[in-house]
>>> print(open('final-v7.txt').read())   # compact mmCIF, C-alpha atoms and all ligand atoms
# COMPACT_ATOMS: atom_id res chain seq x y z
CA MET U 1 0.00 0.00 0.00
CA GLY U 2 1.25 3.47 -0.91
CA LYS U 3 2.51 5.91 1.67
CA VAL U 4 0.83 9.33 1.73
CA ILE U 5 3.07 12.28 2.54
CA ALA U 6 1.81 15.85 3.02
CA ILE U 7 4.33 18.58 2.25
CA THR U 8 3.23 21.34 4.53
CA ASN U 9 4.11 24.65 6.18
CA GLN U 10 1.55 27.41 6.66
CA LYS U 11 4.10 29.93 5.41
CA GLY U 12 4.05 30.63 1.70
CA GLY U 13 7.20 30.69 -0.39
CA VAL U 14 9.24 28.23 1.68
CA GLY U 15 9.71 25.62 -1.06
CA LYS U 16 6.73 23.27 -0.58
CA THR U 17 5.78 23.12 -4.25
CA THR U 18 9.38 23.01 -5.48
CA THR U 19 9.98 20.07 -3.13
CA ALA U 20 6.72 18.31 -4.08
CA ILE U 21 7.58 18.53 -7.80
CA ASN U 22 11.23 17.55 -7.57
CA LEU U 23 11.00 14.88 -4.88
CA SER U 24 8.10 13.24 -6.76
CA SER U 25 9.98 13.44 -10.06
CA CYS U 26 13.18 11.99 -8.64
CA LEU U 27 11.25 9.16 -6.95
CA SER U 28 9.71 8.40 -10.33
CA TYR U 29 13.15 8.28 -11.99
CA LYS U 30 14.11 5.78 -9.27
CA GLY U 31 11.29 3.53 -10.47
CA LYS U 32 8.67 4.43 -7.86
CA LYS U 33 5.04 4.86 -8.81
CA VAL U 34 4.07 8.34 -7.63
CA LEU U 35 0.89 10.44 -7.53
CA ILE U 36 1.24 14.13 -6.78
CA VAL U 37 -1.91 15.78 -5.41
CA ASP U 38 -2.02 19.53 -5.91
CA PHE U 39 -4.04 20.73 -2.91
CA ASP U 40 -3.32 24.45 -3.23
CA PRO U 41 -5.85 26.76 -5.00
CA GLN U 42 -2.88 28.56 -6.57
CA ALA U 43 -2.23 25.36 -8.59
CA ASN U 44 1.51 25.96 -8.80
CA ALA U 45 2.37 22.26 -8.80
CA THR U 46 -0.18 21.63 -11.57
CA HIS U 47 1.29 24.32 -13.82
CA GLY U 48 4.85 23.51 -12.79
CA LEU U 49 4.35 20.03 -14.26
CA LEU U 50 1.62 20.29 -16.90
CA ARG U 51 1.24 22.55 -19.92
CA LEU U 52 -2.20 24.13 -20.36
CA ASP U 53 -3.07 21.72 -23.19
CA GLU U 54 -2.35 18.76 -20.89
CA ILE U 55 -4.95 19.80 -18.28
CA HIS U 56 -8.42 18.52 -19.15
CA GLY U 57 -10.59 20.24 -16.57
CA GLU U 58 -11.15 17.64 -13.86
CA ASN U 59 -9.46 18.57 -10.61
CA VAL U 60 -9.12 17.84 -6.91
CA TYR U 61 -12.08 20.12 -6.07
CA SER U 62 -14.50 18.18 -8.25
CA VAL U 63 -13.13 14.94 -6.78
CA ILE U 64 -13.62 15.84 -3.12
CA LEU U 65 -16.79 17.94 -3.39
CA GLU U 66 -18.60 16.95 -6.60
CA GLU U 67 -18.19 13.17 -6.65
CA GLN U 68 -16.03 13.25 -9.76
CA ASP U 69 -14.22 9.92 -10.15
CA ILE U 70 -10.63 10.26 -8.88
CA ARG U 71 -9.09 7.86 -11.42
CA ARG U 72 -10.67 9.78 -14.31
CA SER U 73 -9.35 13.06 -12.92
CA ILE U 74 -5.71 12.04 -12.67
CA VAL U 75 -3.48 13.31 -15.49
CA HIS U 76 -0.52 11.24 -16.60
CA LYS U 77 2.81 12.84 -17.45
CA LYS U 78 5.45 10.91 -19.42
CA HIS U 79 8.74 12.60 -18.48
CA PRO U 80 9.02 12.11 -15.57
CA ASP U 81 6.55 9.24 -15.39
CA LEU U 82 4.16 10.84 -12.90
CA ASP U 83 0.45 10.92 -12.11
CA ILE U 84 -0.96 14.31 -11.13
CA LEU U 85 -4.29 15.20 -9.56
CA PRO U 86 -4.54 18.84 -10.66
CA SER U 87 -5.87 21.77 -8.70
CA ASN U 88 -7.48 24.95 -9.93
CA ILE U 89 -8.75 28.19 -8.48
CA SER U 90 -12.15 26.68 -7.56
CA LEU U 91 -10.36 25.10 -4.59
CA ALA U 92 -10.17 28.61 -3.09
CA GLY U 93 -13.87 28.32 -2.24
CA ALA U 94 -13.62 24.76 -0.94
CA GLU U 95 -13.20 25.56 2.75
CA LEU U 96 -16.51 27.46 2.85
CA VAL U 97 -18.34 24.53 1.24
CA MET U 98 -16.56 21.93 3.39
CA ASP U 99 -17.32 23.80 6.57
CA LYS U 100 -21.06 23.27 6.00
CA ILE U 101 -20.69 19.48 5.92
CA ASP U 102 -21.88 17.98 9.22
CA ASN U 103 -20.01 14.72 9.25
CA GLY U 104 -16.50 13.91 8.11
CA LYS U 105 -15.50 17.24 6.57
CA GLU U 106 -11.88 16.56 7.54
CA ARG U 107 -11.86 13.16 5.77
CA LEU U 108 -12.98 14.21 2.27
CA LEU U 109 -9.52 13.89 0.72
CA LYS U 110 -8.64 10.74 2.67
CA ASN U 111 -11.81 8.98 1.46
CA GLN U 112 -10.77 9.61 -2.15
CA LEU U 113 -7.06 8.80 -1.78
CA ASP U 114 -7.92 5.51 -0.03
CA GLN U 115 -9.43 4.35 -3.35
CA VAL U 116 -6.13 4.70 -5.23
CA LYS U 117 -3.56 4.11 -2.47
CA ASP U 118 -2.80 0.61 -3.73
CA ASP U 119 -1.88 1.93 -7.19
CA TYR U 120 1.15 3.86 -5.90
CA ASP U 121 4.34 3.61 -3.86
CA TYR U 122 4.03 7.24 -2.77
CA ILE U 123 1.29 9.86 -2.85
CA ILE U 124 2.69 13.36 -2.29
CA ILE U 125 0.26 16.15 -1.31
CA ASP U 126 1.35 19.74 -2.01
CA CYS U 127 -0.45 21.77 0.70
CA PRO U 128 -1.69 25.37 0.63
CA PRO U 129 0.02 28.00 2.80
CA SER U 130 -2.58 27.96 5.61
CA LEU U 131 -3.75 25.89 8.55
CA GLY U 132 -7.44 25.67 7.59
CA LEU U 133 -9.67 22.77 6.56
CA LEU U 134 -7.69 22.03 3.39
CA THR U 135 -4.55 21.42 5.44
CA THR U 136 -6.55 19.45 8.05
CA ASN U 137 -7.81 17.26 5.17
CA ALA U 138 -4.27 16.78 3.88
CA LEU U 139 -2.94 15.87 7.34
CA THR U 140 -5.84 13.47 7.95
CA ALA U 141 -5.17 11.75 4.62
CA ALA U 142 -1.42 11.58 5.26
CA ASP U 143 0.74 8.95 6.92
CA SER U 144 3.46 11.52 7.50
CA VAL U 145 4.37 15.18 7.00
CA LEU U 146 7.42 16.62 5.32
CA ILE U 147 8.11 20.18 6.44
CA PRO U 148 10.23 22.52 4.31
CA VAL U 149 11.77 25.31 6.37
CA GLN U 150 13.27 28.33 4.67
CA CYS U 151 16.56 29.46 6.19
CA GLU U 152 15.40 32.89 7.36
CA TYR U 153 14.24 34.77 10.47
CA TYR U 154 11.07 33.51 12.20
CA ALA U 155 11.49 30.09 10.59
CA LEU U 156 11.30 28.39 14.00
CA GLU U 157 8.18 30.25 15.17
CA GLY U 158 6.33 28.99 12.10
CA VAL U 159 7.44 25.41 12.68
CA THR U 160 6.40 25.54 16.35
CA GLN U 161 2.91 26.68 15.29
CA LEU U 162 2.75 23.90 12.70
CA PHE U 163 3.69 21.28 15.32
CA LEU U 164 0.74 22.47 17.46
CA THR U 165 -1.59 21.85 14.50
CA ILE U 166 -0.02 18.45 13.85
CA ARG U 167 -0.56 17.50 17.53
CA LEU U 168 -4.19 18.64 17.30
CA VAL U 169 -4.75 16.49 14.21
CA GLN U 170 -3.01 13.56 15.97
CA LYS U 171 -5.29 13.96 18.99
CA THR U 172 -8.53 14.42 17.07
CA TYR U 173 -8.34 12.45 13.84
CA LYS U 174 -5.06 10.72 13.22
CA PRO U 175 -3.09 9.40 16.25
CA ASP U 176 -0.42 7.74 14.09
CA LEU U 177 0.48 10.75 11.92
CA LYS U 178 4.30 10.80 11.72
CA ILE U 179 6.92 13.42 10.96
CA GLU U 180 8.56 12.34 7.70
CA GLY U 181 11.31 14.93 7.99
CA ILE U 182 12.23 18.60 8.16
CA LEU U 183 13.95 20.02 5.09
CA LEU U 184 16.08 23.17 5.11
CA THR U 185 15.45 25.11 1.89
CA MET U 186 16.97 28.10 0.08
CA PHE U 187 20.13 27.61 2.06
CA ASP U 188 22.90 30.06 1.20
CA VAL U 189 26.31 29.19 2.66
CA ARG U 190 27.50 32.75 2.11
CA THR U 191 25.03 34.27 4.54
CA LYS U 192 25.47 34.10 8.29
CA LEU U 193 21.70 33.99 8.70
CA SER U 194 21.31 30.79 6.67
CA VAL U 195 24.02 29.10 8.71
CA GLU U 196 22.55 30.28 12.03
CA VAL U 197 18.99 29.27 11.18
CA SER U 198 20.07 25.85 9.97
CA GLN U 199 22.07 25.27 13.17
CA GLU U 200 19.11 26.31 15.28
CA VAL U 201 16.67 24.06 13.41
CA ARG U 202 19.10 21.13 13.66
CA GLN U 203 19.59 21.69 17.41
CA ASN U 204 15.84 21.80 18.00
CA PHE U 205 14.73 18.97 15.76
CA ARG U 206 17.89 16.81 15.59
CA LYS U 207 17.44 13.61 13.59
CA GLN U 208 14.15 14.75 12.11
CA VAL U 209 16.11 17.23 9.96
CA TYR U 210 17.45 15.87 6.66
CA GLN U 211 21.23 16.05 6.27
CA THR U 212 20.61 17.43 2.79
CA ALA U 213 19.81 21.15 2.68
CA ILE U 214 18.44 22.57 -0.58
CA PRO U 215 20.61 25.50 -1.74
CA ARG U 216 19.26 28.68 -3.24
CA ASN U 217 19.54 28.02 -6.98
CA VAL U 218 17.93 30.12 -9.67
CA ARG U 219 17.50 27.08 -11.96
CA LEU U 220 14.99 25.68 -9.45
CA SER U 221 12.85 28.80 -9.81
CA GLU U 222 13.07 28.77 -13.63
CA ALA U 223 12.07 25.14 -14.27
CA PRO U 224 8.30 25.52 -13.48
CA SER U 225 7.83 28.11 -16.25
CA ARG U 226 8.63 25.28 -18.71
CA SER U 227 6.36 22.84 -16.83
CA GLN U 228 9.45 20.76 -16.17
CA SER U 229 11.04 19.26 -13.09
CA ILE U 230 14.63 20.30 -12.44
CA PHE U 231 15.85 16.99 -13.90
CA GLU U 232 14.58 17.81 -17.40
CA TYR U 233 15.34 21.51 -17.13
CA ASP U 234 18.95 21.30 -15.92
CA ASN U 235 19.97 17.90 -14.63
CA ALA U 236 23.52 19.03 -13.76
CA CYS U 237 22.74 22.12 -11.65
CA ILE U 238 23.25 22.19 -7.89
CA GLY U 239 19.48 22.25 -7.31
CA ALA U 240 19.08 18.95 -9.18
CA LYS U 241 22.01 17.45 -7.23
CA ALA U 242 20.44 18.52 -3.94
CA TYR U 243 17.02 17.03 -4.76
CA ARG U 244 18.74 13.79 -5.85
CA ALA U 245 20.55 13.66 -2.49
CA LEU U 246 17.29 14.38 -0.64
CA THR U 247 15.55 11.56 -2.53
CA GLU U 248 18.34 9.12 -1.58
CA GLU U 249 17.99 10.13 2.05
CA PHE U 250 14.20 9.90 1.87
CA LEU U 251 14.37 6.40 0.40
CA LYS U 252 16.96 5.27 2.93
CA ARG U 253 14.66 6.34 5.77
CA ASN U 254 11.68 4.63 4.16
CA GLU U 255 13.27 1.42 3.01
CA ARG U 256 15.33 0.73 6.10
CA GLY U 257 14.86 -2.69 7.68
N1 LIG L 1 16.01 26.37 -3.57
C1 LIG L 1 15.48 27.39 -4.25
N2 LIG L 1 16.27 28.31 -4.84
C2 LIG L 1 15.75 29.36 -5.52
N3 LIG L 1 14.43 29.57 -5.66
C3 LIG L 1 13.59 28.70 -5.07
C4 LIG L 1 14.06 27.57 -4.35
N4 LIG L 1 12.98 26.88 -3.89
C5 LIG L 1 11.90 27.54 -4.31
N5 LIG L 1 12.24 28.64 -5.01
C6 LIG L 1 11.35 29.65 -5.60
O1 LIG L 1 10.77 30.38 -4.52
C7 LIG L 1 9.39 30.59 -4.74
C8 LIG L 1 8.58 29.89 -3.64
O2 LIG L 1 8.81 28.48 -3.72
P1 LIG L 1 7.59 27.44 -3.69
O3 LIG L 1 8.18 26.09 -3.85
O4 LIG L 1 6.55 27.86 -4.67
O5 LIG L 1 7.10 27.67 -2.21
P2 LIG L 1 5.69 27.32 -1.51
O6 LIG L 1 5.06 26.20 -2.27
O7 LIG L 1 6.05 26.95 -0.10
O8 LIG L 1 4.87 28.57 -1.55
C9 LIG L 1 9.08 30.06 -6.12
O9 LIG L 1 9.18 31.10 -7.04
C10 LIG L 1 10.19 29.03 -6.36
O10 LIG L 1 10.47 28.86 -7.72
MG MG L 2 3.16 26.13 -3.15
>>> encode(input="final-v7.txt", output="structure tokens")
Amino acid sequence: MGKVIAITNQKGGVGKTTTAINLSSCLSYKGKKVLIVDFDPQANATHGLLRLDEIHGENVYSVILEEQDIRRSIVHKKHPDLDILPSNISLAGAELVMDKIDNGKERLLKNQLDQVKDDYDYIIIDCPPSLGLLTTNALTAADSVLIPVQCEYYALEGVTQLFLTIRLVQKTYKPDLKIEGILLTMFDVRTKLSVEVSQEVRQNFRKQVYQTAIPRNVRLSEAPSRSQSIFEYDNACIGAKAYRALTEEFLKRNERG
């Protein structure tokens, strides 16, 4: 059965989508069967992987709230060999609609993903930058959470807040929700701040923090405009190297023993 991993942090611009796209792509190049679920109304993961002519209209909103069949809504990409459940802007209104549901409003995504879990090795959910019902749905559907942390001021405050939400979800809906790992992103060795923040995060969260830190690399920010992962866009750049190293570490943690 596939493992469901939510990539989450209520802060925007910390590298969630970049990590969702490139970790999923690298896992696929390693022979894993991967579904990426775009659960952000901004649909950055969708457009970072699919050209407009590849998106046929079905999306995660219609799947969770309009009984659209999940298998028929998944779009297949060839290079890398990935399945994508697209998002679109309609998801921005989802929390209002979900909130009116009396029973099980936090399990809408889980109910759908359970139907396809057996088809995949990994299902990666790219979360929106908030701690509302969408994120609660993602955490309830997930087996574990991967938390990207940008190497900047206030990084730790944000993570502390996120851990409170994770504990709440563990207590209320999902006692066995695990921490997959904490990932330092946009690391810049030349700045004292990057080094200080990374030391602080490592001291606080120890083994939960991946050894691999993702460096600031402009190639990583360019690739989505071509709807490509970093491995098609520039396989030799330091961003591609870093996401390959992260994927190795991720697989080592998951395939141990
Ligand atoms: N390691 C990196 N180096 C340079 N730019 C990055 C890096 N990671 C992400 N970016 C860019 O920073 C912006 C925010 O990243 P994104 O992954 O979209 O964050 P989030 O999904 O958390 O909002 C995007 O424009 C992205 O291309
Ligand atoms: Mg994003």
>>> residues_near_ligand(input="final-v7.txt", ligand="ligand LIG 1 (chain L)", cutoff="6 Å", atoms="all atoms listed in the file", output="list in words")
Gly12, Gly13, Val14, Gly15, Lys16, Thr17, Thr18, Thr185, Met186, Ile214, Pro215, Arg216, Asn217, Val218, Leu220 and Ser221 of chain U
>>> residues_near_ligand(input="final-v7.txt", ligand="ligand MG 2 (chain L)", cutoff="12 Å", atoms="all atoms listed in the file", output="PyMOL selection string")
chain U and resi 7-21+37-48+87+125-130+148+224
>>> atom_distance(input="final-v7.txt", atom1="atom CA of U:Thr191", atom2="atom CA of U:Ile238")
17.4 Å
>>> atom_distance(input="final-v7.txt", atom1="atom CA of U:Leu193", atom2="atom CA of U:Arg206")
18.9 Å
>>> residues_around(input="final-v7.txt", residues="U:Leu96", least_positions_apart="2", cutoff="12 Å", atoms="all atoms listed in the file", output="PyMOL selection string")
chain U and resi 65+90-94+98-101+105+132-134
>>> closest_residue(input="final-v7.txt", among="U:Arg219, U:Gln208, U:Val34, U:Ser225", to="U:Ala240", atoms="only C-alpha atoms")
U:Arg219
>>> atom_distance(input="final-v7.txt", atom1="atom CA of U:Glu196", atom2="atom CA of U:Thr160")
17.4 Å
>>> residues_around(input="final-v7.txt", residues="U:Val201", least_positions_apart="4", cutoff="10 Å", atoms="all atoms listed in the file", output="list in words")
Val149, Cys151, Ala155, Leu156, Val159, Ile182, Leu183, Leu184, Glu196, Val197, Phe205, Arg206, Gln208 and Val209 of chain U
>>> write_last_selection(input="final-v7.txt", atoms="C-alpha atoms", output="JSON list (two decimals), in the frame of the given file")
[["chain", "number", "residue", "atom", "x", "y", "z"],
["U", 149, "VAL", "CA", 11.77, 25.31, 6.37],
["U", 151, "CYS", "CA", 16.56, 29.46, 6.19],
["U", 155, "ALA", "CA", 11.49, 30.09, 10.59],
["U", 156, "LEU", "CA", 11.30, 28.39, 14.00],
["U", 159, "VAL", "CA", 7.44, 25.41, 12.68],
["U", 182, "ILE", "CA", 12.23, 18.60, 8.16],
["U", 183, "LEU", "CA", 13.95, 20.02, 5.09],
["U", 184, "LEU", "CA", 16.08, 23.17, 5.11],
["U", 196, "GLU", "CA", 22.55, 30.28, 12.03],
["U", 197, "VAL", "CA", 18.99, 29.27, 11.18],
["U", 205, "PHE", "CA", 14.73, 18.97, 15.76],
["U", 206, "ARG", "CA", 17.89, 16.81, 15.59],
["U", 208, "GLN", "CA", 14.15, 14.75, 12.11],
["U", 209, "VAL", "CA", 16.11, 17.23, 9.96]]
>>> residues_around(input="final-v7.txt", residues="U:Ser24", least_positions_apart="5", cutoff="9 Å", atoms="all atoms listed in the file", output="PyMOL selection string")
chain U and resi 19+29+32+34-36+80+82+122-124+247
>>> write_last_selection(input="final-v7.txt", atoms="C-alpha atoms", output="CSV table (one decimal), in the frame of the given file")
chain,number,residue,atom,x,y,z
U,19,THR,CA,10.0,20.1,-3.1
U,29,TYR,CA,13.2,8.3,-12.0
U,32,LYS,CA,8.7,4.4,-7.9
U,34,VAL,CA,4.1,8.3,-7.6
U,35,LEU,CA,0.9,10.4,-7.5
U,36,ILE,CA,1.2,14.1,-6.8
U,80,PRO,CA,9.0,12.1,-15.6
U,82,LEU,CA,4.2,10.8,-12.9
U,122,TYR,CA,4.0,7.2,-2.8
U,123,ILE,CA,1.3,9.9,-2.8
U,124,ILE,CA,2.7,13.4,-2.3
U,247,THR,CA,15.6,11.6,-2.5
>>> residues_near_point(input="final-v7.txt", point="(-1.8, 9.9, 9.1)", cutoff="10 Å", atoms="only C-alpha atoms", output="NGL selection string")
:U and (3-6 or 110 or 138-145 or 166 or 169-170 or 173-179)
>>> closest_residue(input="final-v7.txt", among="U:Leu113, U:Ser227, U:Ile147, U:Tyr153", to="U:Arg51", atoms="only C-alpha atoms")
U:Ser227
>>> residues_near_point(input="final-v7.txt", point="(14.8, 16.7, -12.8)", cutoff="10 Å", atoms="only C-alpha atoms", output="PyMOL selection string")
chain U and resi 21-26+29+79-80+220+223+228-237+239-241+243-244
>>> write_last_selection(input="final-v7.txt", atoms="C-alpha atoms", output="mmCIF file, in the coordinates of the input")
data_model
loop_
_atom_site.group_PDB
_atom_site.id
_atom_site.type_symbol
_atom_site.label_atom_id
_atom_site.label_comp_id
_atom_site.auth_asym_id
_atom_site.auth_seq_id
_atom_site.Cartn_x
_atom_site.Cartn_y
_atom_site.Cartn_z
ATOM 1 C CA ILE U 21 7.580 18.530 -7.800
ATOM 2 C CA ASN U 22 11.230 17.550 -7.570
ATOM 3 C CA LEU U 23 11.000 14.880 -4.880
ATOM 4 C CA SER U 24 8.100 13.240 -6.760
ATOM 5 C CA SER U 25 9.980 13.440 -10.060
ATOM 6 C CA CYS U 26 13.180 11.990 -8.640
ATOM 7 C CA TYR U 29 13.150 8.280 -11.990
ATOM 8 C CA HIS U 79 8.740 12.600 -18.480
ATOM 9 C CA PRO U 80 9.020 12.110 -15.570
ATOM 10 C CA LEU U 220 14.990 25.680 -9.450
ATOM 11 C CA ALA U 223 12.070 25.140 -14.270
ATOM 12 C CA GLN U 228 9.450 20.760 -16.170
ATOM 13 C CA SER U 229 11.040 19.260 -13.090
ATOM 14 C CA ILE U 230 14.630 20.300 -12.440
ATOM 15 C CA PHE U 231 15.850 16.990 -13.900
ATOM 16 C CA GLU U 232 14.580 17.810 -17.400
ATOM 17 C CA TYR U 233 15.340 21.510 -17.130
ATOM 18 C CA ASP U 234 18.950 21.300 -15.920
ATOM 19 C CA ASN U 235 19.970 17.900 -14.630
ATOM 20 C CA ALA U 236 23.520 19.030 -13.760
ATOM 21 C CA CYS U 237 22.740 22.120 -11.650
ATOM 22 C CA GLY U 239 19.480 22.250 -7.310
ATOM 23 C CA ALA U 240 19.080 18.950 -9.180
ATOM 24 C CA LYS U 241 22.010 17.450 -7.230
ATOM 25 C CA TYR U 243 17.020 17.030 -4.760
ATOM 26 C CA ARG U 244 18.740 13.790 -5.850
#
>>> closest_residue(input="final-v7.txt", among="U:Glu157, U:Gly104, U:Gly31, U:Leu85", to="U:His56", atoms="only C-alpha atoms")
U:Leu85
>>> residues_around(input="final-v7.txt", residues="U:Glu58", least_positions_apart="2", cutoff="9 Å", atoms="all atoms listed in the file", output="list in words")
Ile55, His56, Val60, Tyr61, Ser62, Val63, Gln68, Ile70, Arg72, Ser73, Ile74, Val75, Leu85, Pro86 and Ser87 of chain U
>>> closest_residue(input="final-v7.txt", among="U:Asp119, U:Glu255, U:Glu200, U:Glu106", to="U:Arg71", atoms="only C-alpha atoms")
U:Asp119
>>> build_atoms(input="final-v7.txt", residues="stretch 65-79 of chain U", atoms="N, CA, C and O atoms", output="short mmCIF file (atom, residue, chain, number, x, y, z; two decimals), keeping the file's coordinate frame")
data_model
loop_
_atom_site.label_atom_id
_atom_site.label_comp_id
_atom_site.auth_asym_id
_atom_site.auth_seq_id
_atom_site.Cartn_x
_atom_site.Cartn_y
_atom_site.Cartn_z
N LEU U 65 -15.50 17.29 -3.71
CA LEU U 65 -16.79 17.94 -3.39
C LEU U 65 -17.89 17.72 -4.43
O LEU U 65 -19.04 18.07 -4.19
N GLU U 66 -17.56 17.13 -5.58
CA GLU U 66 -18.60 16.95 -6.60
C GLU U 66 -18.66 15.52 -7.13
O GLU U 66 -19.15 15.27 -8.22
N GLU U 67 -18.13 14.60 -6.33
CA GLU U 67 -18.19 13.17 -6.65
C GLU U 67 -17.65 12.80 -8.02
O GLU U 67 -18.07 11.82 -8.64
N GLN U 68 -16.72 13.60 -8.52
CA GLN U 68 -16.03 13.25 -9.76
C GLN U 68 -15.09 12.08 -9.46
O GLN U 68 -14.42 12.07 -8.42
N ASP U 69 -15.04 11.11 -10.36
CA ASP U 69 -14.22 9.92 -10.15
C ASP U 69 -12.73 10.28 -10.11
O ASP U 69 -12.21 10.95 -11.02
N ILE U 70 -12.04 9.85 -9.05
CA ILE U 70 -10.63 10.26 -8.88
C ILE U 70 -9.75 9.71 -10.00
O ILE U 70 -8.92 10.44 -10.55
N ARG U 71 -9.95 8.45 -10.38
CA ARG U 71 -9.09 7.86 -11.42
C ARG U 71 -9.23 8.60 -12.75
O ARG U 71 -8.27 8.76 -13.49
N ARG U 72 -10.44 9.06 -13.04
CA ARG U 72 -10.67 9.78 -14.31
C ARG U 72 -10.14 11.21 -14.26
O ARG U 72 -10.06 11.87 -15.29
N SER U 73 -9.79 11.68 -13.07
CA SER U 73 -9.35 13.06 -12.92
C SER U 73 -7.83 13.18 -12.91
O SER U 73 -7.28 14.27 -13.06
N ILE U 74 -7.17 12.04 -12.74
CA ILE U 74 -5.71 12.04 -12.67
C ILE U 74 -5.12 12.20 -14.08
O ILE U 74 -5.57 11.54 -15.02
N VAL U 75 -4.14 13.08 -14.20
CA VAL U 75 -3.48 13.31 -15.49
C VAL U 75 -2.12 12.60 -15.46
O VAL U 75 -1.40 12.67 -14.46
N HIS U 76 -1.80 11.94 -16.55
CA HIS U 76 -0.52 11.24 -16.60
C HIS U 76 0.53 12.04 -17.37
O HIS U 76 0.25 12.56 -18.44
N LYS U 77 1.71 12.16 -16.78
CA LYS U 77 2.81 12.84 -17.45
C LYS U 77 3.87 11.81 -17.80
O LYS U 77 4.13 10.89 -17.02
N LYS U 78 4.50 11.95 -18.98
CA LYS U 78 5.45 10.91 -19.42
C LYS U 78 6.85 11.10 -18.87
O LYS U 78 7.50 10.17 -18.43
N HIS U 79 7.37 12.34 -18.93
CA HIS U 79 8.74 12.60 -18.48
C HIS U 79 8.76 13.72 -17.46
O HIS U 79 8.61 14.87 -17.87
#
